[in-house]
>>> print(open('query.cif').read())   # mmCIF, C-alpha atoms
data_coords
#
loop_
_atom_site.label_atom_id
_atom_site.label_comp_id
_atom_site.auth_asym_id
_atom_site.auth_seq_id
_atom_site.Cartn_x
_atom_site.Cartn_y
_atom_site.Cartn_z
CA MET N 24 145.71 342.17 249.11
CA ASP N 25 147.39 338.83 249.57
CA PRO N 26 144.92 335.94 250.11
CA ILE N 27 146.60 335.17 253.46
CA LEU N 28 144.77 338.26 254.81
CA SER N 29 141.32 336.95 253.92
CA ASN N 30 139.04 337.24 256.99
CA ILE N 31 141.97 338.48 259.12
CA ARG N 32 141.35 341.32 261.60
CA LEU N 33 144.59 341.44 263.61
CA VAL N 34 148.14 341.16 262.25
CA THR N 35 150.91 340.50 264.76
CA PHE N 36 154.52 341.01 263.75
CA ASP N 37 157.83 339.81 265.07
CA LEU N 38 160.52 342.53 265.15
CA ASP N 39 164.12 341.31 264.73
CA GLY N 40 164.65 339.59 261.40
CA THR N 41 161.11 340.40 260.25
CA LEU N 42 160.77 344.18 260.31
CA VAL N 43 164.34 345.21 261.12
CA ASP N 44 167.84 343.86 260.68
CA SER N 45 169.15 344.53 264.19
CA VAL N 46 172.12 342.15 264.13
CA PRO N 47 174.74 344.88 263.55
CA ASP N 48 173.77 346.61 266.82
CA LEU N 49 173.32 343.33 268.69
CA ALA N 50 176.73 342.11 267.56
CA VAL N 51 178.42 345.30 268.79
CA ALA N 52 176.81 344.91 272.21
CA VAL N 53 177.71 341.22 272.40
CA ALA N 54 181.30 342.03 271.49
CA ALA N 55 181.51 344.74 274.14
CA ALA N 56 180.09 342.48 276.84
CA LEU N 57 182.58 339.72 276.01
CA THR N 58 185.46 342.18 275.84
CA ASP N 59 184.56 343.31 279.36
CA LEU N 60 185.26 339.70 280.40
CA ASP N 61 188.51 339.54 278.42
CA LEU N 62 186.92 337.15 275.94
CA ALA N 63 187.28 337.32 272.17
CA PRO N 64 184.15 338.60 270.40
CA PRO N 65 182.56 336.60 267.56
CA GLU N 66 182.08 337.85 264.03
CA GLU N 67 178.75 339.46 263.18
CA ALA N 68 177.82 336.61 260.85
CA ILE N 69 178.01 334.15 263.74
CA VAL N 70 175.83 336.32 265.98
CA ARG N 71 173.20 336.31 263.23
CA ASP N 72 172.47 332.63 263.90
CA TRP N 73 172.09 333.22 267.66
CA VAL N 74 169.28 335.78 267.56
CA GLY N 75 165.64 335.00 268.24
CA ASN N 76 165.26 333.54 271.73
CA GLY N 77 165.81 336.64 273.84
CA SER N 78 168.87 338.44 275.17
CA LEU N 79 169.75 335.94 277.92
CA THR N 80 169.92 333.05 275.46
CA LEU N 81 171.86 335.23 273.05
CA MET N 82 174.55 335.84 275.67
CA GLU N 83 174.52 332.20 276.76
CA ARG N 84 175.31 331.21 273.16
CA ALA N 85 177.97 333.91 272.92
CA LEU N 86 179.67 332.81 276.15
CA THR N 87 179.53 329.15 275.21
CA PHE N 88 181.18 330.01 271.90
CA ALA N 89 183.88 332.13 273.54
CA LEU N 90 184.61 329.72 276.39
CA GLY N 91 184.16 326.46 274.52
CA THR N 92 181.87 325.25 277.30
CA ALA N 93 178.65 326.25 279.00
CA PRO N 94 179.12 329.27 281.29
CA ALA N 95 178.49 329.31 285.01
CA LYS N 96 175.29 331.08 286.05
CA GLU N 97 177.17 333.93 287.70
CA GLN N 98 179.25 334.48 284.60
CA LEU N 99 176.17 334.45 282.37
CA ASP N 100 174.35 336.90 284.64
CA TRP N 101 177.32 339.26 284.57
CA ALA N 102 177.68 339.04 280.79
CA HIS N 103 173.95 339.53 280.30
CA ARG N 104 173.93 342.67 282.44
CA GLY N 105 176.86 343.96 280.43
CA PHE N 106 175.07 343.27 277.17
CA LEU N 107 171.94 345.08 278.32
CA THR N 108 174.02 348.09 279.35
CA HIS N 109 175.92 348.30 276.08
CA TYR N 110 172.87 347.64 273.92
CA GLY N 111 170.79 350.13 275.88
CA ARG N 112 173.26 352.89 275.03
CA ASP N 113 172.76 352.39 271.30
CA PRO N 114 170.09 349.90 270.20
CA SER N 115 169.40 351.24 266.74
CA SER N 116 172.09 353.33 265.02
CA ARG N 117 173.18 350.39 262.81
CA THR N 118 169.75 348.77 262.59
CA CYS N 119 167.74 349.15 259.38
CA LEU N 120 164.26 348.40 258.13
CA TYR N 121 163.94 345.63 255.58
CA PRO N 122 162.68 346.65 252.13
CA GLY N 123 158.90 346.70 251.88
CA VAL N 124 158.23 347.07 255.61
CA LEU N 125 156.99 350.66 255.55
CA ALA N 126 154.74 350.03 252.56
CA CYS N 127 153.28 346.98 254.30
CA LEU N 128 152.60 348.67 257.65
CA GLU N 129 151.15 351.80 256.08
CA GLY N 130 148.99 349.77 253.71
CA LEU N 131 147.61 347.56 256.46
CA ARG N 132 146.78 350.54 258.65
CA GLU N 133 145.02 352.28 255.76
CA ARG N 134 142.89 349.17 255.30
CA GLY N 135 141.88 349.16 258.95
CA PHE N 136 143.81 346.15 260.26
CA LEU N 137 144.77 346.06 263.93
CA LEU N 138 148.56 345.81 264.25
CA ALA N 139 150.54 344.41 267.18
CA LEU N 140 154.20 343.64 267.84
CA VAL N 141 155.37 340.55 269.71
CA THR N 142 159.12 340.14 270.08
CA ASN N 143 161.44 338.19 272.38
CA LYS N 144 163.60 341.31 272.68
CA PRO N 145 163.37 342.99 276.12
CA PHE N 146 160.50 345.47 276.15
CA ALA N 147 162.72 348.44 277.06
CA PHE N 148 164.42 348.33 273.66
CA ILE N 149 161.25 348.32 271.55
CA ALA N 150 160.35 352.01 271.84
CA PRO N 151 163.79 353.41 270.92
CA ILE N 152 163.92 351.27 267.79
CA LEU N 153 160.39 352.11 266.67
CA GLU N 154 160.96 355.79 267.38
CA GLY N 155 164.08 355.81 265.22
CA PHE N 156 162.03 354.70 262.22
CA GLY N 157 158.98 356.85 262.89
CA LEU N 158 156.89 353.83 263.87
CA THR N 159 155.99 354.87 267.42
CA ASP N 160 152.25 354.98 266.75
CA THR N 161 152.09 352.11 264.27
CA PHE N 162 151.28 349.29 266.69
CA SER N 163 148.32 349.31 269.04
CA LEU N 164 150.09 346.91 271.41
CA CYS N 165 153.73 345.86 271.84
CA LEU N 166 154.98 342.92 273.92
CA GLY N 167 158.61 342.16 274.69
CA GLY N 168 160.20 338.93 275.79
CA ASP N 169 159.90 340.05 279.42
CA SER N 170 156.33 341.40 279.21
CA LEU N 171 154.84 338.05 280.23
CA PRO N 172 156.28 335.00 282.02
CA GLN N 173 156.30 333.18 278.65
CA LYS N 174 157.77 334.18 275.32
CA LYS N 175 157.72 332.68 271.82
CA PRO N 176 157.57 329.82 270.86
CA ASP N 177 155.05 329.63 273.69
CA PRO N 178 151.68 330.80 272.34
CA ALA N 179 150.86 332.83 275.47
CA PRO N 180 151.98 336.24 274.09
CA LEU N 181 149.89 335.78 270.95
CA LEU N 182 146.86 334.61 272.90
CA HIS N 183 147.32 337.64 275.17
CA VAL N 184 147.24 339.95 272.14
CA ALA N 185 144.16 338.27 270.68
CA ALA N 186 142.34 338.50 274.03
CA HIS N 187 143.38 342.14 274.46
CA PHE N 188 141.69 343.09 271.18
CA ARG N 189 138.88 340.53 271.59
CA VAL N 190 139.68 339.02 268.22
CA PRO N 191 139.30 335.24 267.78
CA PRO N 192 142.66 333.55 267.04
CA ALA N 193 141.26 332.26 263.75
CA ARG N 194 141.07 335.89 262.58
CA CYS N 195 144.66 336.67 263.58
CA LEU N 196 147.86 336.41 261.54
CA MET N 197 151.38 335.94 262.94
CA VAL N 198 154.16 337.28 260.72
CA GLY N 199 157.72 336.22 261.52
CA ASP N 200 161.06 334.97 260.27
CA SER N 201 161.76 331.95 262.47
CA ARG N 202 160.46 328.58 263.53
CA HIS N 203 159.66 330.10 266.94
CA ASP N 204 157.23 332.56 265.35
CA ILE N 205 155.57 329.84 263.30
CA ALA N 206 155.33 327.44 266.26
CA ALA N 207 153.84 330.15 268.49
CA GLY N 208 151.35 331.16 265.83
CA ARG N 209 150.27 327.61 265.10
CA ALA N 210 149.87 326.77 268.80
CA ALA N 211 147.80 329.93 269.33
CA GLY N 212 145.49 329.10 266.44
CA PHE N 213 146.76 332.02 264.33
CA ARG N 214 147.33 331.89 260.59
CA THR N 215 151.09 332.11 259.96
CA LEU N 216 153.19 333.98 257.40
CA ALA N 217 156.98 333.81 257.12
CA VAL N 218 159.66 335.93 255.49
CA PRO N 219 162.79 334.04 254.35
CA TYR N 220 165.42 336.73 254.90
CA GLY N 221 165.62 336.88 258.70
CA TYR N 222 167.16 334.89 261.53
CA ASN N 223 166.24 331.23 261.80
CA HIS N 224 169.42 329.68 263.16
CA GLY N 225 170.68 328.92 259.67
CA GLU N 226 167.61 326.88 258.71
CA PRO N 227 165.10 327.67 255.92
CA VAL N 228 161.92 328.98 257.55
CA ARG N 229 159.81 327.14 254.97
CA ALA N 230 160.74 323.92 256.79
CA SER N 231 158.67 325.14 259.75
CA GLY N 232 155.49 324.85 257.67
CA PRO N 233 154.04 328.39 257.67
CA ASP N 234 150.75 328.88 255.88
CA ALA N 235 152.51 331.17 253.40
CA VAL N 236 155.90 332.77 252.66
CA VAL N 237 156.50 336.16 251.02
CA ASP N 238 159.87 337.46 249.84
CA SER N 239 158.88 341.02 250.81
CA LEU N 240 156.19 342.24 253.21
CA SER N 241 155.11 344.73 250.57
CA GLN N 242 153.49 341.75 248.81
CA LEU N 243 150.81 341.72 251.51
CA VAL N 244 149.26 344.96 250.31
#
>>> encode(input="query.cif", output="structure tokens")
Amino acid sequence: MDPILSNIRLVTFDLDGTLVDSVPDLAVAVAAALTDLDLAPPEEAIVRDWVGNGSLTLMERALTFALGTAPAKEQLDWAHRGFLTHYGRDPSSRTCLYPGVLACLEGLRERGFLLALVTNKPFAFIAPILEGFGLTDTFSLCLGGDSLPQKKPDPAPLLHVAAHFRVPPARCLMVGDSRHDIAAGRAAGFRTLAVPYGYNHGEPVRASGPDAVVDSLSQLV
């Protein structure tokens, strides 16, 4: 096992950009929501830099890009509802697991680690994505961006997970792809591990100062 797991009992994972590449499905839903408003959709590569702070912020960035100015609240609310509708119809057909994810999750479970999922994605979309990859029973607890009043980079979701399992934060590891994951983990007192291939607003995640970085999650086990 990787030394980062020494004395760790609970491993908490981010979802988008860490376990799955969901941008293709997110970009389709963003495009559809903007098209409903007679606005030009962005290219998928642009959407990739907008992911990570929840669906409302995603659509705020998309509208600002399309309009060239910050949207009115009513316009944002309408676009966000449209995005949720379109994404809810098909949240996973273009989404794929990153290499090494299955080996990592299976290996950690075999070794008796507690596994949890903490994402800023709305909770309703977690189950369909996990089900599509046969991961329904992999995580003992899943939190979405709307499960609590706070979401990452606030440490509250991670502290909630640690308290739920009665595991001290010092024996918990946060695994993510962005500065928000690393900031949340650090503030919660978790050890932090980053993957460099995900969504971090175009910035190298190493600059966020994680305790370790692995090119593939399979390196953990």
>>> closest_atom_pairs(input="query.cif", of="region 157-236 of chain N", to="region 31-53 of chain N", cutoff="6 Å", atoms="all atoms listed in the file", output="JSON lines")
{"residue": "N:Arg194", "atom": "CA", "partner": "N:Ile31", "partner_atom": "CA", "distance": 4.4}
{"residue": "N:Cys195", "atom": "CA", "partner": "N:Leu33", "partner_atom": "CA", "distance": 4.8}
{"residue": "N:Leu196", "atom": "CA", "partner": "N:Val34", "partner_atom": "CA", "distance": 4.8}
{"residue": "N:Met197", "atom": "CA", "partner": "N:Thr35", "partner_atom": "CA", "distance": 4.9}
{"residue": "N:Val198", "atom": "CA", "partner": "N:Phe36", "partner_atom": "CA", "distance": 4.8}
{"residue": "N:Gly199", "atom": "CA", "partner": "N:Asp37", "partner_atom": "CA", "distance": 5.1}
{"residue": "N:Asp200", "atom": "CA", "partner": "N:Thr41", "partner_atom": "CA", "distance": 5.4}
{"residue": "N:Gly221", "atom": "CA", "partner": "N:Gly40", "partner_atom": "CA", "distance": 3.9}
{"residue": "N:Tyr222", "atom": "CA", "partner": "N:Gly40", "partner_atom": "CA", "distance": 5.3}
>>> residues_near_point(input="query.cif", point="(171.6, 349.8, 272.3)", cutoff="10 Å", atoms="only C-alpha atoms", output="JSON, numbers by chain")
{"N": [45, 48, 49, 51, 52, 106, 107, 108, 109, 110, 111, 112, 113, 114, 115, 116, 117, 118, 148, 151, 152]}
>>> write_last_selection(input="query.cif", atoms="C-alpha atoms", output="compact mmCIF listing (two decimals), in the coordinates of the input")
# COMPACT_ATOMS: atom_id res chain seq x y z
CA SER N 45 169.15 344.53 264.19
CA ASP N 48 173.77 346.61 266.82
CA LEU N 49 173.32 343.33 268.69
CA VAL N 51 178.42 345.30 268.79
CA ALA N 52 176.81 344.91 272.21
CA PHE N 106 175.07 343.27 277.17
CA LEU N 107 171.94 345.08 278.32
CA THR N 108 174.02 348.09 279.35
CA HIS N 109 175.92 348.30 276.08
CA TYR N 110 172.87 347.64 273.92
CA GLY N 111 170.79 350.13 275.88
CA ARG N 112 173.26 352.89 275.03
CA ASP N 113 172.76 352.39 271.30
CA PRO N 114 170.09 349.90 270.20
CA SER N 115 169.40 351.24 266.74
CA SER N 116 172.09 353.33 265.02
CA ARG N 117 173.18 350.39 262.81
CA THR N 118 169.75 348.77 262.59
CA PHE N 148 164.42 348.33 273.66
CA PRO N 151 163.79 353.41 270.92
CA ILE N 152 163.92 351.27 267.79
>>> resolve_selection(input="query.cif", expression="the PyMOL selection byres ((chain N and resi 242) around 9)", output="NGL selection string")
:N and (24-25 or 123 or 127 or 237-241 or 243-244)
>>> residues_around(input="query.cif", residues="region 82-96 of chain N", least_positions_apart="6", cutoff="8 Å", atoms="all atoms listed in the file", output="ChimeraX atom specification")
/N:53,57,62-65,70,73,102-103,106
>>> resolve_selection(input="query.cif", expression="the PyMOL selection byres ((chain N and resi 141) around 10)", output="JSON, numbers by chain")
{"N": [35, 36, 37, 38, 139, 140, 142, 143, 144, 146, 149, 164, 165, 166, 167, 168, 170, 174, 175, 180, 181, 184, 197, 198, 199, 204]}
>>> atom_distance(input="query.cif", atom1="CA of Thr80 (chain N)", atom2="CA of Arg229 (chain N)")
23.6 Å
>>> closest_residue(input="query.cif", among="N:Pro145, N:Leu99, N:Ala206, N:Leu28", to="Leu171 (chain N)", atoms="only C-alpha atoms")
N:Pro145
>>> atom_distance(input="query.cif", atom1="CA of Ala217 (chain N)", atom2="CA of Arg189 (chain N)")
24.1 Å
>>> closest_residue(input="query.cif", among="N:Ile205, N:Leu137, N:Ala235, N:Leu128", to="Asp177 (chain N)", atoms="all atoms listed in the file")
N:Ile205
>>> resolve_selection(input="query.cif", expression="the PyMOL selection byres ((chain N and resi 72) around 8)", output="compact mmCIF listing (two decimals) with C-alpha atoms, keeping the file's coordinate frame")
# COMPACT_ATOMS: atom_id res chain seq x y z
CA ALA N 68 177.82 336.61 260.85
CA ILE N 69 178.01 334.15 263.74
CA VAL N 70 175.83 336.32 265.98
CA ARG N 71 173.20 336.31 263.23
CA TRP N 73 172.09 333.22 267.66
CA VAL N 74 169.28 335.78 267.56
CA TYR N 222 167.16 334.89 261.53
CA ASN N 223 166.24 331.23 261.80
CA HIS N 224 169.42 329.68 263.16
CA GLY N 225 170.68 328.92 259.67
>>> decode(input="query.cif", residues="region 118-164 of chain N", atoms="N, CA and C atoms", output="tab-separated table (two decimals), in the first residue's frame")
chain	number	residue	atom	x	y	z
N	118	THR	N	-20.23	9.46	-19.58
N	118	THR	CA	-19.28	9.51	-18.46
N	118	THR	C	-18.49	8.21	-18.39
N	119	CYS	N	-17.22	8.30	-18.00
N	119	CYS	CA	-16.40	7.10	-17.90
N	119	CYS	C	-15.55	7.14	-16.63
N	120	LEU	N	-15.21	5.95	-16.14
N	120	LEU	CA	-14.30	5.84	-15.02
N	120	LEU	C	-12.88	6.11	-15.48
N	121	TYR	N	-12.10	6.76	-14.64
N	121	TYR	CA	-10.69	6.95	-14.96
N	121	TYR	C	-9.95	5.62	-14.75
N	122	PRO	N	-8.87	5.41	-15.49
N	122	PRO	CA	-8.08	4.19	-15.31
N	122	PRO	C	-7.60	4.05	-13.86
N	123	GLY	N	-7.66	2.84	-13.35
N	123	GLY	CA	-7.17	2.57	-12.01
N	123	GLY	C	-8.19	2.72	-10.91
N	124	VAL	N	-9.36	3.28	-11.21
N	124	VAL	CA	-10.35	3.54	-10.17
N	124	VAL	C	-10.91	2.24	-9.59
N	125	LEU	N	-11.32	1.32	-10.45
N	125	LEU	CA	-11.90	0.07	-9.96
N	125	LEU	C	-10.90	-0.70	-9.11
N	126	ALA	N	-9.67	-0.79	-9.59
N	126	ALA	CA	-8.64	-1.52	-8.84
N	126	ALA	C	-8.43	-0.89	-7.47
N	127	CYS	N	-8.44	0.43	-7.42
N	127	CYS	CA	-8.26	1.13	-6.15
N	127	CYS	C	-9.40	0.85	-5.19
N	128	LEU	N	-10.64	1.04	-5.64
N	128	LEU	CA	-11.79	0.87	-4.76
N	128	LEU	C	-11.91	-0.57	-4.28
N	129	GLU	N	-11.72	-1.51	-5.18
N	129	GLU	CA	-11.80	-2.92	-4.80
N	129	GLU	C	-10.69	-3.28	-3.82
N	130	GLY	N	-9.49	-2.78	-4.08
N	130	GLY	CA	-8.37	-3.07	-3.20
N	130	GLY	C	-8.55	-2.50	-1.81
N	131	LEU	N	-9.06	-1.28	-1.73
N	131	LEU	CA	-9.28	-0.66	-0.42
N	131	LEU	C	-10.35	-1.39	0.37
N	132	ARG	N	-11.41	-1.80	-0.32
N	132	ARG	CA	-12.48	-2.54	0.37
N	132	ARG	C	-11.96	-3.88	0.89
N	133	GLU	N	-11.17	-4.55	0.08
N	133	GLU	CA	-10.61	-5.85	0.50
N	133	GLU	C	-9.73	-5.70	1.73
N	134	ARG	N	-9.10	-4.54	1.87
N	134	ARG	CA	-8.22	-4.31	3.01
N	134	ARG	C	-8.97	-3.73	4.22
N	135	GLY	N	-10.27	-3.58	4.10
N	135	GLY	CA	-11.09	-3.19	5.23
N	135	GLY	C	-11.23	-1.70	5.49
N	136	PHE	N	-10.84	-0.85	4.53
N	136	PHE	CA	-11.02	0.58	4.71
N	136	PHE	C	-12.50	0.96	4.58
N	137	LEU	N	-12.92	1.93	5.37
N	137	LEU	CA	-14.23	2.55	5.18
N	137	LEU	C	-14.12	3.51	4.00
N	138	LEU	N	-15.11	3.50	3.12
N	138	LEU	CA	-15.09	4.37	1.94
N	138	LEU	C	-16.32	5.25	1.94
N	139	ALA	N	-16.12	6.53	1.66
N	139	ALA	CA	-17.21	7.50	1.55
N	139	ALA	C	-17.01	8.35	0.31
N	140	LEU	N	-18.10	8.96	-0.13
N	140	LEU	CA	-18.08	9.83	-1.31
N	140	LEU	C	-18.61	11.19	-0.92
N	141	VAL	N	-17.85	12.23	-1.20
N	141	VAL	CA	-18.29	13.61	-0.93
N	141	VAL	C	-18.07	14.42	-2.19
N	142	THR	N	-19.17	14.82	-2.82
N	142	THR	CA	-19.11	15.55	-4.08
N	142	THR	C	-19.95	16.81	-3.98
N	143	ASN	N	-19.65	17.81	-4.78
N	143	ASN	CA	-20.49	19.01	-4.86
N	143	ASN	C	-21.61	18.85	-5.87
N	144	LYS	N	-21.65	17.71	-6.55
N	144	LYS	CA	-22.75	17.41	-7.47
N	144	LYS	C	-24.03	17.19	-6.66
N	145	PRO	N	-25.20	17.63	-7.17
N	145	PRO	CA	-26.45	17.36	-6.45
N	145	PRO	C	-26.61	15.87	-6.14
N	146	PHE	N	-27.10	15.59	-4.95
N	146	PHE	CA	-27.18	14.21	-4.47
N	146	PHE	C	-27.97	13.30	-5.41
N	147	ALA	N	-29.02	13.83	-6.04
N	147	ALA	CA	-29.89	13.00	-6.88
N	147	ALA	C	-29.16	12.34	-8.03
N	148	PHE	N	-28.02	12.91	-8.44
N	148	PHE	CA	-27.31	12.36	-9.60
N	148	PHE	C	-26.24	11.33	-9.22
N	149	ILE	N	-25.99	11.18	-7.91
N	149	ILE	CA	-24.93	10.26	-7.50
N	149	ILE	C	-25.31	8.81	-7.80
N	150	ALA	N	-26.48	8.39	-7.35
N	150	ALA	CA	-26.88	6.99	-7.50
N	150	ALA	C	-26.90	6.51	-8.95
N	151	PRO	N	-27.49	7.28	-9.88
N	151	PRO	CA	-27.49	6.80	-11.27
N	151	PRO	C	-26.10	6.59	-11.84
N	152	ILE	N	-25.16	7.46	-11.47
N	152	ILE	CA	-23.79	7.32	-11.97
N	152	ILE	C	-23.11	6.11	-11.36
N	153	LEU	N	-23.22	5.95	-10.05
N	153	LEU	CA	-22.60	4.79	-9.40
N	153	LEU	C	-23.21	3.49	-9.92
N	154	GLU	N	-24.52	3.48	-10.09
N	154	GLU	CA	-25.20	2.28	-10.58
N	154	GLU	C	-24.69	1.87	-11.96
N	155	GLY	N	-24.45	2.87	-12.81
N	155	GLY	CA	-24.00	2.59	-14.16
N	155	GLY	C	-22.64	1.92	-14.21
N	156	PHE	N	-21.85	2.08	-13.15
N	156	PHE	CA	-20.52	1.47	-13.11
N	156	PHE	C	-20.43	0.31	-12.11
N	157	GLY	N	-21.58	-0.12	-11.60
N	157	GLY	CA	-21.59	-1.22	-10.66
N	157	GLY	C	-20.99	-0.87	-9.32
N	158	LEU	N	-21.09	0.39	-8.92
N	158	LEU	CA	-20.47	0.86	-7.68
N	158	LEU	C	-21.50	1.21	-6.60
N	159	THR	N	-22.72	0.73	-6.76
N	159	THR	CA	-23.80	1.11	-5.86
N	159	THR	C	-23.48	0.82	-4.40
N	160	ASP	N	-22.85	-0.31	-4.13
N	160	ASP	CA	-22.59	-0.72	-2.75
N	160	ASP	C	-21.15	-0.44	-2.30
N	161	THR	N	-20.42	0.34	-3.09
N	161	THR	CA	-19.00	0.56	-2.79
N	161	THR	C	-18.80	1.50	-1.61
N	162	PHE	N	-19.63	2.53	-1.51
N	162	PHE	CA	-19.44	3.57	-0.49
N	162	PHE	C	-20.45	3.41	0.63
N	163	SER	N	-19.97	3.50	1.85
N	163	SER	CA	-20.85	3.36	3.01
N	163	SER	C	-21.66	4.62	3.27
N	164	LEU	N	-21.22	5.74	2.72
N	164	LEU	CA	-21.94	7.01	2.85
N	164	LEU	C	-21.63	7.89	1.66
